[in-house]
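So this block is final.cif, mmCIF, C-alpha atoms:
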data_data
#
loop_
_atom_site.label_atom_id
_atom_site.label_comp_id
_atom_site.auth_asym_id
_atom_site.auth_seq_id
_atom_site.Cartn_x
_atom_site.Cartn_y
_atom_site.Cartn_z
CA MET Z 23 -12.67 9.55 3.37
CA SER Z 24 -9.39 7.81 4.07
CA ARG Z 25 -7.24 6.04 1.53
CA GLN Z 26 -8.33 2.80 3.18
CA ASP Z 27 -12.02 3.74 2.84
CA LEU Z 28 -11.64 4.36 -0.86
CA ALA Z 29 -9.61 1.15 -1.25
CA ASP Z 30 -12.33 -0.84 0.55
CA ALA Z 31 -15.05 0.77 -1.55
CA VAL Z 32 -13.44 -0.15 -4.87
CA GLY Z 33 -11.90 -3.45 -3.72
CA VAL Z 34 -8.15 -2.80 -3.99
CA ASN Z 35 -5.24 -2.63 -1.57
CA TYR Z 36 -4.86 0.81 0.02
CA GLN Z 37 -1.32 0.97 -1.35
CA THR Z 38 -2.76 0.81 -4.86
CA ILE Z 39 -4.68 4.03 -4.13
CA GLY Z 40 -1.33 5.60 -3.22
CA TYR Z 41 0.17 4.43 -6.51
CA LEU Z 42 -2.83 5.90 -8.35
CA GLU Z 43 -2.43 9.23 -6.57
CA ARG Z 44 1.22 9.47 -7.48
CA GLY Z 45 0.62 8.44 -11.09
CA ASP Z 46 2.75 5.31 -10.66
CA TYR Z 47 -0.05 3.03 -11.83
CA ASN Z 48 -2.67 3.30 -14.58
CA PRO Z 49 -5.90 1.61 -13.48
CA SER Z 50 -7.95 -0.77 -15.58
CA LEU Z 51 -11.05 0.69 -17.18
CA GLY Z 52 -13.18 -1.18 -14.65
CA LEU Z 53 -11.33 0.28 -11.66
CA ALA Z 54 -11.37 3.77 -13.19
CA PHE Z 55 -15.16 3.57 -13.58
CA GLN Z 56 -15.53 2.29 -10.00
CA ILE Z 57 -13.51 5.23 -8.65
CA ALA Z 58 -15.46 7.70 -10.77
CA ALA Z 59 -18.75 6.22 -9.51
CA GLN Z 60 -17.51 6.43 -5.94
CA PHE Z 61 -17.13 10.21 -6.27
CA GLY Z 62 -20.20 10.64 -8.49
CA LEU Z 63 -18.13 12.23 -11.24
CA PRO Z 64 -17.56 11.47 -14.90
CA ILE Z 65 -14.42 9.46 -15.52
CA GLU Z 66 -12.75 12.29 -17.45
CA ALA Z 67 -12.98 14.50 -14.37
CA ILE Z 68 -10.62 12.13 -12.56
CA PHE Z 69 -8.39 10.58 -15.22
CA SER Z 70 -6.94 12.26 -18.24
CA PRO Z 71 -4.22 11.53 -20.82
CA GLU Z 72 -3.20 15.19 -20.49
CA PRO Z 73 -1.93 16.85 -17.32
CA PHE Z 74 -4.68 18.60 -15.44
CA ALA Z 75 -4.42 22.38 -15.40
CA PRO Z 76 -3.76 23.85 -11.96
CA MET Z 77 -6.94 24.82 -10.18
CA SER Z 78 -5.79 28.43 -9.93
CA ALA Z 79 -5.36 28.65 -13.72
CA GLU Z 80 -8.88 27.38 -14.25
CA LEU Z 81 -10.22 29.79 -11.67
CA TYR Z 82 -8.55 32.83 -13.23
CA SER Z 83 -9.52 31.81 -16.72
CA ASP Z 84 -13.15 31.60 -15.55
CA ARG Z 85 -12.91 35.04 -14.00
CA SER Z 86 -11.54 36.53 -17.20
CA ARG Z 87 -14.59 35.20 -19.00
CA GLN Z 88 -16.98 36.96 -16.60
CA PRO Z 89 -18.59 40.16 -17.94
CA ARG Z 90 -17.06 43.32 -16.62
CA LEU Z 91 -19.05 45.29 -14.10
CA GLU Z 92 -20.60 48.45 -15.43
CA GLY Z 93 -18.73 51.56 -14.45
CA VAL Z 94 -15.45 49.77 -14.02
CA ARG Z 95 -12.92 50.98 -16.54
CA MET V 6 0.40 7.53 -19.01
CA LEU V 7 -2.75 8.67 -17.31
CA TYR V 8 -2.82 11.76 -15.15
CA ASN V 9 -4.96 10.97 -12.18
CA TYR V 10 -3.95 13.30 -9.38
CA ASN V 11 -7.61 14.16 -8.97
CA VAL V 12 -8.04 10.88 -7.08
CA LYS V 13 -5.95 12.35 -4.29
CA MET V 14 -7.66 15.75 -4.39
CA LEU V 15 -11.09 14.16 -4.30
CA HIS V 16 -10.74 11.88 -1.35
CA GLU V 17 -8.63 14.35 0.58
CA ASP V 18 -11.40 16.88 0.13
CA VAL V 19 -13.97 14.57 1.69
CA SER V 20 -12.16 14.49 5.04
CA VAL V 21 -8.76 13.97 6.61
CA MET V 22 -6.76 11.32 4.75
CA THR V 23 -5.06 8.70 6.84
CA SER V 24 -3.54 5.35 5.97
CA THR V 25 -5.48 3.11 8.27
CA ARG V 26 -3.79 -0.19 7.55
CA ALA V 27 -0.04 -0.29 7.27
CA THR V 28 1.35 -3.50 5.80
CA ALA V 29 3.80 -4.86 8.35
CA PRO V 30 5.73 -1.59 8.67
CA ASP V 31 8.56 -3.31 10.52
CA LEU V 32 9.21 -5.45 7.43
CA GLU V 33 8.92 -2.58 4.97
CA LEU V 34 12.37 -1.64 3.71
CA PRO V 35 13.31 1.39 1.63
CA ARG V 36 14.34 0.65 -1.92
CA ARG V 37 17.95 1.73 -1.30
CA VAL V 38 18.16 -1.23 1.13
CA ARG V 39 15.97 -3.63 -0.86
CA ARG V 40 17.99 -3.41 -4.05
CA PRO V 41 21.31 -4.53 -2.54
CA LEU V 42 19.43 -7.28 -0.69
CA ALA V 43 17.85 -8.46 -3.95
CA VAL V 44 21.29 -8.63 -5.59
CA VAL V 45 22.79 -10.50 -2.64
CA ALA V 46 19.84 -12.94 -2.65
CA ILE V 47 20.67 -13.85 -6.24
CA ILE V 48 24.46 -13.76 -6.41
CA GLY V 49 25.19 -14.89 -2.84
CA TYR V 50 25.00 -18.61 -3.59
CA PRO V 51 27.06 -18.52 -6.82
CA ALA V 52 29.66 -16.44 -4.99
CA ALA V 53 29.79 -19.01 -2.19
CA VAL V 54 30.25 -21.85 -4.68
CA PHE V 55 33.03 -19.83 -6.27
CA PHE V 56 34.85 -19.56 -2.96
CA TRP V 57 34.37 -23.24 -2.17
CA THR V 58 35.55 -24.46 -5.53
CA LEU V 59 38.01 -21.97 -6.91
CA ALA V 60 39.33 -19.89 -4.04
CA GLN V 61 42.04 -22.42 -3.23
CA SER V 62 43.19 -23.36 -6.69
CA TRP V 63 42.75 -19.99 -8.42
CA LEU V 64 43.19 -17.34 -5.73
CA GLY V 65 45.52 -19.44 -3.62
CA LEU V 66 43.52 -18.93 -0.43
CA PRO V 67 43.85 -21.44 2.42
CA PRO V 68 40.98 -23.99 2.49
CA ALA V 69 39.68 -22.63 5.80
CA VAL V 70 39.37 -19.08 4.41
CA GLY V 71 37.51 -20.28 1.33
CA GLY V 72 35.23 -22.44 3.45
CA ILE V 73 34.41 -19.71 5.97
CA ALA V 74 33.92 -17.08 3.27
CA GLY V 75 31.63 -19.45 1.37
CA LEU V 76 29.61 -20.28 4.47
CA ALA V 77 29.30 -16.59 5.38
CA LEU V 78 28.09 -15.81 1.87
CA ILE V 79 25.50 -18.59 2.07
CA LEU V 80 24.17 -17.24 5.38
CA VAL V 81 24.06 -13.65 4.12
CA SER V 82 22.37 -14.85 0.96
CA LEU V 83 19.73 -16.82 2.91
CA PHE V 84 19.04 -13.76 5.07
CA ALA V 85 18.63 -11.60 1.96
CA MET V 86 16.32 -14.20 0.41
CA TRP V 87 14.14 -14.19 3.52
CA ARG V 88 13.91 -10.40 3.59
CA VAL V 89 12.93 -10.08 -0.05
CA TYR V 90 10.55 -13.06 0.32
CA GLU V 91 8.70 -11.28 3.14
CA PHE V 92 8.53 -7.99 1.21
CA ARG V 93 5.00 -6.52 0.93
CA SER V 94 3.33 -9.51 2.58
CA ARG V 95 4.91 -12.03 0.21
CA LEU V 96 3.42 -10.32 -2.80
CA ALA V 97 5.51 -12.35 -5.24
CA GLN V 98 4.16 -15.66 -3.89
CA ALA V 99 0.52 -14.70 -3.27
CA PRO V 100 -2.37 -16.23 -5.26
CA ASP V 101 -4.68 -14.04 -7.37
CA ALA V 102 -7.43 -14.08 -4.74
CA GLN V 103 -5.22 -12.18 -2.28
CA LEU V 104 -4.11 -9.51 -4.74
CA ASP V 105 -5.72 -6.59 -6.52
CA GLU V 106 -5.24 -5.82 -10.21
CA ARG V 107 -2.05 -3.78 -9.74
CA GLN V 108 -0.46 -6.42 -7.53
CA VAL V 109 -1.33 -9.20 -9.98
CA GLN V 110 0.31 -7.15 -12.72
CA VAL V 111 3.44 -6.59 -10.61
CA ARG V 112 3.68 -10.28 -9.67
CA ASP V 113 3.13 -11.56 -13.21
CA ARG V 114 5.73 -9.20 -14.66
CA ALA V 115 8.16 -10.30 -11.96
CA TYR V 116 7.74 -13.95 -13.01
CA LEU V 117 8.35 -13.09 -16.66
CA ASP V 118 11.50 -11.15 -15.79
CA SER V 119 12.59 -13.93 -13.43
CA TYR V 120 12.47 -16.41 -16.28
CA ARG V 121 14.65 -14.15 -18.44
CA ILE V 122 17.14 -13.58 -15.63
CA PHE V 123 17.23 -17.29 -14.79
CA VAL V 124 18.02 -18.18 -18.41
CA ALA V 125 20.80 -15.56 -18.45
CA ILE V 126 22.28 -16.82 -15.16
CA THR V 127 22.17 -20.43 -16.38
CA LEU V 128 23.93 -19.53 -19.63
CA VAL V 129 26.61 -17.57 -17.77
CA ALA V 130 27.11 -20.43 -15.29
CA LEU V 131 27.45 -22.98 -18.09
CA ALA V 132 29.85 -20.70 -19.98
CA LEU V 133 31.97 -20.19 -16.87
CA ALA V 134 31.94 -23.93 -16.20
CA GLY V 135 33.36 -24.35 -19.68
CA ILE V 136 35.89 -21.49 -19.59
CA ILE V 137 37.28 -21.50 -16.05
CA PRO V 138 38.63 -25.09 -16.09
CA ASP V 139 40.63 -24.12 -19.21
CA LEU V 140 41.92 -20.96 -17.55
CA ILE V 141 43.14 -22.76 -14.46
CA ASP V 142 44.15 -25.80 -16.47
CA ARG V 143 42.09 -28.20 -14.38
CA PRO V 144 39.25 -30.15 -15.96
CA LEU V 145 35.88 -29.85 -14.25
CA ALA V 146 34.98 -33.30 -12.99
CA LEU V 147 31.24 -33.87 -12.76
CA THR V 148 31.33 -35.22 -9.25
CA TYR V 149 28.33 -35.47 -6.93
CA ASP V 150 29.37 -32.19 -5.25
CA VAL V 151 29.54 -30.25 -8.53
CA VAL V 152 26.15 -31.52 -9.69
CA ASN V 153 24.74 -30.81 -6.24
CA TRP V 154 26.00 -27.19 -6.36
CA PHE V 155 24.33 -26.63 -9.73
CA VAL V 156 21.04 -28.23 -8.66
CA MET V 157 20.96 -26.38 -5.33
CA GLY V 158 21.82 -23.13 -7.07
CA GLY V 159 19.03 -23.67 -9.58
CA ILE V 160 16.49 -24.36 -6.85
CA LEU V 161 17.51 -21.47 -4.58
CA ILE V 162 17.83 -18.88 -7.34
CA SER V 163 14.60 -19.85 -9.08
CA LEU V 164 12.72 -19.60 -5.76
CA ALA V 165 14.29 -16.27 -4.79
CA LEU V 166 14.11 -14.53 -8.16
CA PRO V 167 10.43 -13.43 -8.26
CA SER V 168 10.64 -11.91 -4.77
CA ALA V 169 13.97 -10.28 -5.59
CA VAL V 170 12.57 -8.75 -8.79
CA VAL V 171 9.53 -7.38 -6.93
CA ALA V 172 11.74 -6.01 -4.15
CA TRP V 173 14.04 -4.41 -6.73
CA ARG V 174 11.28 -2.80 -8.76
CA GLU V 175 8.58 -1.64 -6.35
CA PRO V 176 8.75 2.05 -5.45
CA ASP V 177 8.87 3.12 -1.84
CA LEU V 178 5.60 3.82 -0.08
CA ALA V 179 5.38 7.58 -0.10
CA ASP V 180 3.89 9.59 2.76
#

Show this structure as structure tokens.
Amino acid sequence: MSRQDLADAVGVNYQTIGYLERGDYNPSLGLAFQIAAQFGLPIEAIFSPEPFAPMSAELYSDRSRQPRLEGVR
Amino acid sequence: MLYNYNVKMLHEDVSVMTSTRATAPDLELPRRVRRPLAVVAIIGYPAAVFFWTLAQSWLGLPPAVGGIAGLALILVSLFAMWRVYEFRSRLAQAPDAQLDERQVQVRDRAYLDSYRIFVAITLVALALAGIIPDLIDRPLALTYDVVNWFVMGGILISLALPSAVVAWREPDLAD
């Protein structure tokens, strides 16, 4: 999906998608819901008042929660 | 402040991201160029009037030099006004129907700031019109020319201000 495709889908200028990506613009609640619906995700998966943790951090923290394999010391 | 970098991650993940519709790239200027242009668009005309009216009596310049400098400033100022007017497809002049929510916000804030700047410029101009004649010991006669300069300045600056504010404030288009 291009920036233009997403812009067309939610009815904004493609430059506004760029501003959203860079964090230069906070969308209205309506636009935030439209974008969330476009990706089929809850709104809090896309927008957050706190910085998102890096994906690697989340991945390693999940691994640390996995049960250890038997026989591995 | 909302953190929303996931928007980029999400639609980049779906496929290759490309900007399919550039907005008049030949007219897009980087902010380091736009900001001086915005300043020139606003102060160019007052500077020209200064040269026409005071360059001879105050700075002692020959009339031809003051006239040519004033005319050059007017032309540069008109060029700067045109460039900031055309910025981002005339965003500052566009009606709501042609803009999205962010652009409406940018335009409306530009008009509010333009009003504040216009009031400040008017007060400074009136103060200078009161102070400078005393400094050079020549009363300011309200002739047709003087009134015309003020009226023309008011019209030009009020028309150019919203575009100049937008051109000054908008970040560059990244990537």

Apply the PyMOL selection byres ((chain V and resi 113-126) around 9) to the displayed file and report the matching residues as a PyMOL selection string.
-> chain V and resi 97+108-112+127-131+159+162-163+166-171+174

Target residues per the PyMOL selection byres ((chain Z) within 6 of (chain V)), formatted as a list in words | Met23, Ser24, Arg25, Gln26, Val34, Glu43, Ile68, Phe69, Ser70, Pro71 and Pro73 of chain Z

Pairwise distance, atom CA of V:Glu175 with atom CA of V:Val44, equals 14.5 Å

Expanded to explicit residues, what is the PyMOL selection byres ((chain V and resi 73-87) around 9) for this file, as a ChimeraX atom specification?
-> /V:39,41-50,52-57,68-72,88-92,161,164-166,168-169

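The spacing separating atom CA of V:Gln98 from atom CA of Z:Ile57 amounts to 27.8 Å.
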
Might you pull out every residue within 8 Å of Z:Tyr47, with only C-alpha atoms counted and same-chain residues fewer than 4 positions away left off, and present them as a PyMOL selection string?
-> (chain Z and resi 38+41-42) or (chain V and resi 107)

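As for atom CA of Z:Gln60 and atom CA of Z:Pro76, they are spaced 23.0 Å apart.
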